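First comes the structure, then the notes that go with it.
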Amino acid sequence: MTSTPPHVIFGTGAVGRALMEALLRRGEKVRLVNTSGVASVPAEVEVVGGDAADPAFTTGVAQGARVVYQTLNPPYSQWTDKFPALQAGVLAAAEKAGARLVSMENVYMYGPAAGRALTEDLPNDAHTKKGQLRGQMADELLTAHRAGRVEVTIGRASDYFGPRGGAQSNIGDRVFRPALAGKSASVLGDPDQPHTYTYIPDIGEGLAVLGEHPDATGEIWHLPNDPDTRTTRQLVEIVYRDAGRPETKLKTVPAFLLRTMGLFNPTMRELLEMQYLYAEPFVVDSTKITARLGLRATPVEQALADTLATYRAA
């Protein structure tokens with residue numbers, strides 16, 4: 001390994017690479033960490049392979065870093081077994097380095113929206129095992145911050161979409177590829193409920209700001225979302241329009257089919273408990289990060305057009 005750059009990102013998925021791009025735009029030097037040591041990144045970016053659950057490895061790979069970012073996301077079916085240890089490894093790395101820790105999270109810990117917009121001051125009230133786990137993990141980070149062990153800031157995103165969103169995104173491979181081909185898109189849940197989706201490049205930019213802003217630490221921040229919350233169907237219609245398709249073709253994946261698929265596919269089995277996210281209006285408010293840190297979301301129509309362009313290019 002070369003000498004440690006100031007920014008060390010654990011995770012090379014869609015979010016990790018969007019964060020890398022935001023840091024590179026700032027002229028920063030970046031090291032990425034994943035299991036294999038291989039990732040599709042610019043030549044000037046170092047990628048190191050190892051086990052992020054091993055504190056001996058993580059403290060070594062992050063020694064001398066100024067900011068450490070946690071963007072890891074193990075498969076749904078392995079969250080309980082792997083996620084706490086991965087976070088503990090990254091936390092140990094930031095603590096040992098004396099670095100700020102920026103942790104990427106979702107909004108599962110809040111539980112059902114119950115007719116309200118989700119804001120950062122809501123308590124952890126999850127009824128799902130994944131939501132309860134994420135709440136416990138967030139509490140552990142904030143406890144470490146309050147104890148003075150490490151400087152922590154947390155960024156939370158709703159369901160994401162955008163470049164490299166792939167099959168994990170509800171508005172990803174199952175929407176953009178069929179739209180370009182003139183075939184039927186498929187989505188989870190009720191497509192006629194308003195639902196916040198966070199644009200992946202906005203997540204990357206938001207995490208970069210949390211890593212550098214002097215007033216960001218010790219708090220939870222919802223990463224920027226377009227305040228004009230649309231339904232999933234409306235977003236799919238925009239994609240089909242931009243793809244030059246006069247007719248939107250959309251079908252939903254019913255719960256009984258998820259149950260059937262879950263008999264053979266552990267990821268599908270884990271999706272079942274999260275279907276409440278799409279059964280009612282689900283609005284994630286990001287007013288705080290806009291008002292206090294000046295971050296605004298990319299307008300959703302522009303974000304969808306830019307994402308479609310990446311699918312066309314591919």
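Please note that chains go A, B, ... in the order of the structure tokens, that every chain numbers its residues from 1, and that ligands are numbered from 1 in the order shown.
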task = Determine, counting only C-alpha atoms, which protein, DNA and RNA residues have an atom within 8 Å of an atom of range 103-113 of chain A; residues of the same chain fewer than 6 positions away are not included. Present the result as JSON, numbers by chain.
result = {"A": [69, 70, 71, 122, 123, 124, 125, 126, 127, 128, 130, 131, 132, 133, 134, 135, 152, 153, 154, 155, 156, 157, 158, 159, 207, 276, 277, 280, 281, 282, 283]}
Only C-alpha atoms, please: the residues just picked out, written as a CSV table (one decimal), in the first residue's frame.
```csv
chain,number,residue,atom,x,y,z
A,69,TYR,CA,-16.6,6.6,5.4
A,70,GLN,CA,-18.8,3.5,6.0
A,71,THR,CA,-20.8,2.6,2.9
A,122,LEU,CA,-38.1,10.8,15.1
A,123,PRO,CA,-37.4,8.0,17.5
A,124,ASN,CA,-36.4,4.5,16.4
A,125,ASP,CA,-39.7,2.7,16.2
A,126,ALA,CA,-39.1,-0.2,13.7
A,127,HIS,CA,-41.2,-3.4,13.8
A,128,THR,CA,-38.9,-5.3,11.4
A,130,LYS,CA,-33.7,-5.1,9.8
A,131,GLY,CA,-35.1,-1.8,11.0
A,132,GLN,CA,-34.3,-2.7,14.6
A,133,LEU,CA,-30.8,-3.7,13.7
A,134,ARG,CA,-30.2,-0.4,11.9
A,135,GLY,CA,-31.5,1.5,14.9
A,152,VAL,CA,-19.3,10.7,14.1
A,153,THR,CA,-21.8,12.0,11.6
A,154,ILE,CA,-24.6,10.0,10.0
A,155,GLY,CA,-26.2,10.4,6.6
A,156,ARG,CA,-29.5,8.7,5.8
A,157,ALA,CA,-31.1,8.1,2.4
A,158,SER,CA,-34.4,6.7,1.3
A,159,ASP,CA,-34.6,4.0,-1.4
A,207,LEU,CA,-21.6,12.2,2.4
A,276,TYR,CA,-44.8,-1.6,4.4
A,277,LEU,CA,-42.5,1.0,2.8
A,280,GLU,CA,-48.6,4.1,2.2
A,281,PRO,CA,-47.2,7.6,1.5
A,282,PHE,CA,-43.5,7.4,2.3
A,283,VAL,CA,-41.9,10.9,2.4
```
Please identify all polymer residues within 8 Å of Gly13 in chain A, counting only C-alpha atoms, omitting same-chain residues fewer than 2 positions from it, and present them as a PDB file with C-alpha atoms, in the first residue's frame.
```
ATOM      1  CA  GLY A  11     -17.376  -0.134   0.283  1.00  0.00           C
ATOM      2  CA  VAL A  15     -22.818   4.726  -2.997  1.00  0.00           C
ATOM      3  CA  GLY A  16     -19.114   4.229  -2.336  1.00  0.00           C
ATOM      4  CA  ARG A  17     -18.256   5.100  -5.916  1.00  0.00           C
ATOM      5  CA  THR A  71     -20.772   2.643   2.851  1.00  0.00           C
ATOM      6  CA  LEU A  72     -20.764  -1.136   3.268  1.00  0.00           C
ATOM      7  CA  ARG A 164     -25.066   1.749 -10.789  1.00  0.00           C
TER       8      ARG A 164
END
```
query = Hey, which of A:Glu205, A:Leu272, A:Gly172, A:Ala255 ends up closest to Leu235 in chain A? Count only C-alpha atoms.
reply = A:Gly172
ask   = Looking at only C-alpha atoms, which of A:Ala216, A:Ile200, A:Met274, A:Ala97 is the one that sits closest to Val300 in chain A?
value =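 Under the stated criterion, the closest residue is A:Ile200.
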task = Write out as JSON, numbers by chain which residues come within 7 Å of Ala208 in chain A when counting only C-alpha atoms, dropping same-chain ones fewer than 4 positions away.
result = {"A": [19, 22, 23, 204, 212]}
Just write the chosen residues, C-alpha atoms, as a JSON list (two decimals), in the first residue's frame.
```json
[["chain", "number", "residue", "atom", "x", "y", "z"],
["A", 19, "LEU", "CA", -18.82, 9.36, -2.86],
["A", 22, "ALA", "CA", -17.63, 13.68, -5.19],
["A", 23, "LEU", "CA", -14.26, 13.65, -3.44],
["A", 204, "GLY", "CA", -22.26, 10.83, -2.67],
["A", 212, "GLU", "CA", -15.85, 18.21, 5.58]]
```
query = Quick one: residues within 7 Å of Pro6 in chain A, only C-alpha atoms counted, chain neighbours fewer than 2 positions away excluded, as JSON, numbers by chain?
reply = {"A": [4, 8, 29, 30, 65, 66, 67]}
message = Please list as a list in words every residue within 7 Å of Val187 in chain A, counting only C-alpha atoms and excluding residues in the same chain fewer than 3 positions away.
response =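 Near Val187 in chain A, the qualifying residues are Asn170, Lys251, Thr252 and Val253 of chain A.
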Thr260 in chain A environment, 12 Å, only C-alpha atoms, sequence neighbours closer than 6 positions dropped, as a tab-separated table (two decimals) with N, CA and C atoms, in the first residue's frame:
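New file result-v4.tsv:
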```tsv
chain	number	residue	atom	x	y	z
A	253	VAL	N	-44.93	-6.42	-8.45
A	253	VAL	CA	-44.60	-7.75	-7.95
A	253	VAL	C	-45.45	-7.98	-6.69
A	254	PRO	N	-46.47	-8.81	-6.74
A	254	PRO	CA	-47.35	-9.01	-5.59
A	254	PRO	C	-46.65	-9.75	-4.46
A	266	PRO	N	-33.13	-16.27	-0.71
A	266	PRO	CA	-33.15	-15.62	0.60
A	266	PRO	C	-33.31	-14.12	0.53
A	268	MET	N	-35.19	-12.41	-1.64
A	268	MET	CA	-36.62	-12.18	-1.82
A	268	MET	C	-37.37	-12.42	-0.52
A	269	ARG	N	-36.93	-13.41	0.24
A	269	ARG	CA	-37.57	-13.69	1.52
A	269	ARG	C	-37.42	-12.50	2.47
A	271	LEU	N	-37.12	-9.40	1.61
A	271	LEU	CA	-37.86	-8.23	1.13
A	271	LEU	C	-39.29	-8.17	1.67
A	272	LEU	N	-39.82	-9.32	2.04
A	272	LEU	CA	-41.22	-9.36	2.47
A	272	LEU	C	-41.51	-8.42	3.63
```
query = Suppose you want the space between CA of Thr217 in chain A and CA of Arg25 in chain A; what is it in Å?
reply =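 A separation of 22.5 Å between them.
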task = Might you pull out every residue within 12 Å of Asp173 in chain A, with only C-alpha atoms counted and same-chain residues fewer than 4 positions away left off, and present them as a ChimeraX atom specification?
result = /A:161-169,177-181,184-187,236,239,307-308,310-312,314
Those residues with C-alpha atoms, as a PDB file, in the first residue's frame please?
```
ATOM      1  CA  PHE A 161     -31.868   5.228  -7.721  1.00  0.00           C
ATOM      2  CA  GLY A 162     -29.301   6.399 -10.220  1.00  0.00           C
ATOM      3  CA  PRO A 163     -26.077   5.267 -11.889  1.00  0.00           C
ATOM      4  CA  ARG A 164     -25.066   1.749 -10.789  1.00  0.00           C
ATOM      5  CA  GLY A 165     -28.323   1.345  -8.859  1.00  0.00           C
ATOM      6  CA  GLY A 166     -28.784  -1.952 -10.649  1.00  0.00           C
ATOM      7  CA  ALA A 167     -31.205  -4.629  -9.520  1.00  0.00           C
ATOM      8  CA  GLN A 168     -31.117  -3.413  -5.887  1.00  0.00           C
ATOM      9  CA  SER A 169     -33.011  -0.251  -6.801  1.00  0.00           C
ATOM     10  CA  ARG A 177     -33.863  -1.435 -19.255  1.00  0.00           C
ATOM     11  CA  PRO A 178     -37.484  -2.371 -20.095  1.00  0.00           C
ATOM     12  CA  ALA A 179     -38.273   1.274 -20.896  1.00  0.00           C
ATOM     13  CA  LEU A 180     -35.465   1.414 -23.440  1.00  0.00           C
ATOM     14  CA  ALA A 181     -36.585  -1.914 -24.918  1.00  0.00           C
ATOM     15  CA  SER A 184     -42.919  -3.882 -19.196  1.00  0.00           C
ATOM     16  CA  ALA A 185     -41.253  -2.487 -16.100  1.00  0.00           C
ATOM     17  CA  SER A 186     -41.838  -4.084 -12.706  1.00  0.00           C
ATOM     18  CA  VAL A 187     -41.730  -2.524  -9.236  1.00  0.00           C
ATOM     19  CA  VAL A 236     -41.767   5.355 -14.219  1.00  0.00           C
ATOM     20  CA  VAL A 239     -38.619   7.328 -17.646  1.00  0.00           C
ATOM     21  CA  THR A 307     -29.810   7.892 -15.096  1.00  0.00           C
ATOM     22  CA  LEU A 308     -31.509   6.878 -18.336  1.00  0.00           C
ATOM     23  CA  THR A 310     -26.191   5.918 -18.284  1.00  0.00           C
ATOM     24  CA  TYR A 311     -28.387   2.938 -19.235  1.00  0.00           C
ATOM     25  CA  ARG A 312     -28.370   4.031 -22.859  1.00  0.00           C
ATOM     26  CA  ALA A 314     -24.284   0.833 -21.301  1.00  0.00           C
TER      27      ALA A 314
END
```
request  = Identify, with DSSP run on backbone atoms, the residues in range 129-310 of chain A assigned to strand (DSSP E or B), and express the list as number ranges by chain.
outcome  = A: 151-156, 159-161, 185-188, 194-195, 197-199, 220-222, 231, 250-253, 282, 284
request  = Any chance you could list, as a list in words, the residues in range 217-271 of chain A that come up alpha helix (DSSP H) when DSSP is run on the backbone?
outcome  = Thr232, Arg233, Gln234, Leu235, Val236, Glu237, Ile238, Val239, Tyr240, Arg241, Asp242, Ala255, Phe256, Leu257, Leu258, Arg259, Thr260, Met261, Gly262, Pro266, Thr267, Met268, Arg269, Glu270 and Leu271 of chain A
Could you write those residues out with N, CA and C atoms, as an mmCIF file, in the first residue's frame?
```
data_model
loop_
_atom_site.group_PDB
_atom_site.id
_atom_site.type_symbol
_atom_site.label_atom_id
_atom_site.label_comp_id
_atom_site.auth_asym_id
_atom_site.auth_seq_id
_atom_site.Cartn_x
_atom_site.Cartn_y
_atom_site.Cartn_z
ATOM 1 N N THR A 232 -44.396 6.290 -7.389
ATOM 2 C CA THR A 232 -43.514 5.442 -8.196
ATOM 3 C C THR A 232 -43.996 5.388 -9.641
ATOM 4 N N ARG A 233 -45.309 5.318 -9.833
ATOM 5 C CA ARG A 233 -45.848 5.276 -11.190
ATOM 6 C C ARG A 233 -45.484 6.551 -11.968
ATOM 7 N N GLN A 234 -45.591 7.702 -11.325
ATOM 8 C CA GLN A 234 -45.239 8.951 -12.001
ATOM 9 C C GLN A 234 -43.773 8.964 -12.433
ATOM 10 N N LEU A 235 -42.901 8.432 -11.582
ATOM 11 C CA LEU A 235 -41.482 8.385 -11.937
ATOM 12 C C LEU A 235 -41.242 7.440 -13.119
ATOM 13 N N VAL A 236 -41.919 6.306 -13.105
ATOM 14 C CA VAL A 236 -41.767 5.355 -14.219
ATOM 15 C C VAL A 236 -42.296 5.982 -15.512
ATOM 16 N N GLU A 237 -43.377 6.728 -15.429
ATOM 17 C CA GLU A 237 -43.916 7.393 -16.618
ATOM 18 C C GLU A 237 -42.913 8.388 -17.195
ATOM 19 N N ILE A 238 -42.190 9.096 -16.339
ATOM 20 C CA ILE A 238 -41.164 10.027 -16.812
ATOM 21 C C ILE A 238 -40.065 9.270 -17.549
ATOM 22 N N VAL A 239 -39.666 8.124 -17.011
ATOM 23 C CA VAL A 239 -38.619 7.328 -17.646
ATOM 24 C C VAL A 239 -39.070 6.883 -19.036
ATOM 25 N N TYR A 240 -40.297 6.382 -19.142
ATOM 26 C CA TYR A 240 -40.789 5.927 -20.444
ATOM 27 C C TYR A 240 -40.908 7.092 -21.425
ATOM 28 N N ARG A 241 -41.359 8.233 -20.938
ATOM 29 C CA ARG A 241 -41.440 9.414 -21.812
ATOM 30 C C ARG A 241 -40.061 9.785 -22.345
ATOM 31 N N ASP A 242 -39.078 9.841 -21.434
ATOM 32 C CA ASP A 242 -37.727 10.208 -21.850
ATOM 33 C C ASP A 242 -37.104 9.153 -22.767
ATOM 34 N N ALA A 255 -47.180 -9.564 -3.246
ATOM 35 C CA ALA A 255 -46.573 -10.166 -2.058
ATOM 36 C C ALA A 255 -46.553 -11.691 -2.148
ATOM 37 N N PHE A 256 -47.605 -12.281 -2.706
ATOM 38 C CA PHE A 256 -47.631 -13.756 -2.756
ATOM 39 C C PHE A 256 -46.509 -14.288 -3.639
ATOM 40 N N LEU A 257 -46.157 -13.516 -4.694
ATOM 41 C CA LEU A 257 -45.068 -13.954 -5.554
ATOM 42 C C LEU A 257 -43.726 -13.830 -4.828
ATOM 43 N N LEU A 258 -43.579 -12.757 -4.030
ATOM 44 C CA LEU A 258 -42.365 -12.623 -3.223
ATOM 45 C C LEU A 258 -42.232 -13.801 -2.260
ATOM 46 N N ARG A 259 -43.365 -14.204 -1.668
ATOM 47 C CA ARG A 259 -43.330 -15.337 -0.736
ATOM 48 C C ARG A 259 -42.898 -16.607 -1.463
ATOM 49 N N THR A 260 -43.441 -16.811 -2.645
ATOM 50 C CA THR A 260 -43.084 -18.004 -3.418
ATOM 51 C C THR A 260 -41.608 -17.979 -3.801
ATOM 52 N N MET A 261 -41.149 -16.835 -4.283
ATOM 53 C CA MET A 261 -39.746 -16.705 -4.656
ATOM 54 C C MET A 261 -38.832 -16.838 -3.444
ATOM 55 N N GLY A 262 -39.360 -16.390 -2.286
ATOM 56 C CA GLY A 262 -38.577 -16.456 -1.057
ATOM 57 C C GLY A 262 -38.290 -17.870 -0.582
ATOM 58 N N PRO A 266 -33.132 -16.270 -0.712
ATOM 59 C CA PRO A 266 -33.148 -15.623 0.597
ATOM 60 C C PRO A 266 -33.313 -14.115 0.532
ATOM 61 N N THR A 267 -32.835 -13.472 -0.530
ATOM 62 C CA THR A 267 -33.007 -12.022 -0.656
ATOM 63 C C THR A 267 -34.476 -11.673 -0.810
ATOM 64 N N MET A 268 -35.185 -12.411 -1.642
ATOM 65 C CA MET A 268 -36.616 -12.178 -1.819
ATOM 66 C C MET A 268 -37.369 -12.420 -0.521
ATOM 67 N N ARG A 269 -36.933 -13.407 0.235
ATOM 68 C CA ARG A 269 -37.567 -13.688 1.520
ATOM 69 C C ARG A 269 -37.422 -12.499 2.473
ATOM 70 N N GLU A 270 -36.258 -11.871 2.446
ATOM 71 C CA GLU A 270 -36.014 -10.736 3.323
ATOM 72 C C GLU A 270 -36.786 -9.485 2.895
ATOM 73 N N LEU A 271 -37.119 -9.396 1.611
ATOM 74 C CA LEU A 271 -37.864 -8.229 1.128
ATOM 75 C C LEU A 271 -39.288 -8.170 1.668
#
```
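Taking CA of Asp121 in chain A and CA of Ala93 in chain A as the two end points, the separation is 28.1 Å.
Nearest residue to His7 in chain A among A:Thr35, A:Gln63, A:Thr80, A:Thr231 is A:Gln63, counting only C-alpha atoms.
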key: CA of Arg26 in chain A to CA of Val68 in chain A, distance in Å rounded to a single decimal   =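 Straight-line distance from CA of Arg26 in chain A to CA of Val68 in chain A works out to 16.3 Å.
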ask   = Between A:Asp54, A:Glu28, A:Glu151, A:Asp306, which has the minimum distance to Leu210 in chain A (counting only C-alpha atoms)?
value =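 For Leu210 in chain A, the nearest of the candidates is A:Glu151.
Among the candidates A:Glu140, A:Glu46, A:Glu301, A:Asp51, the residue lying nearest to Arg230 in chain A is A:Glu301 (atoms considered: only C-alpha atoms).
Ranking A:Pro74, A:Gly64, A:Gly244, A:Gly89 by their shortest atom-to-atom distance to Ala52 in chain A, with only C-alpha atoms included, puts A:Gly89 first.
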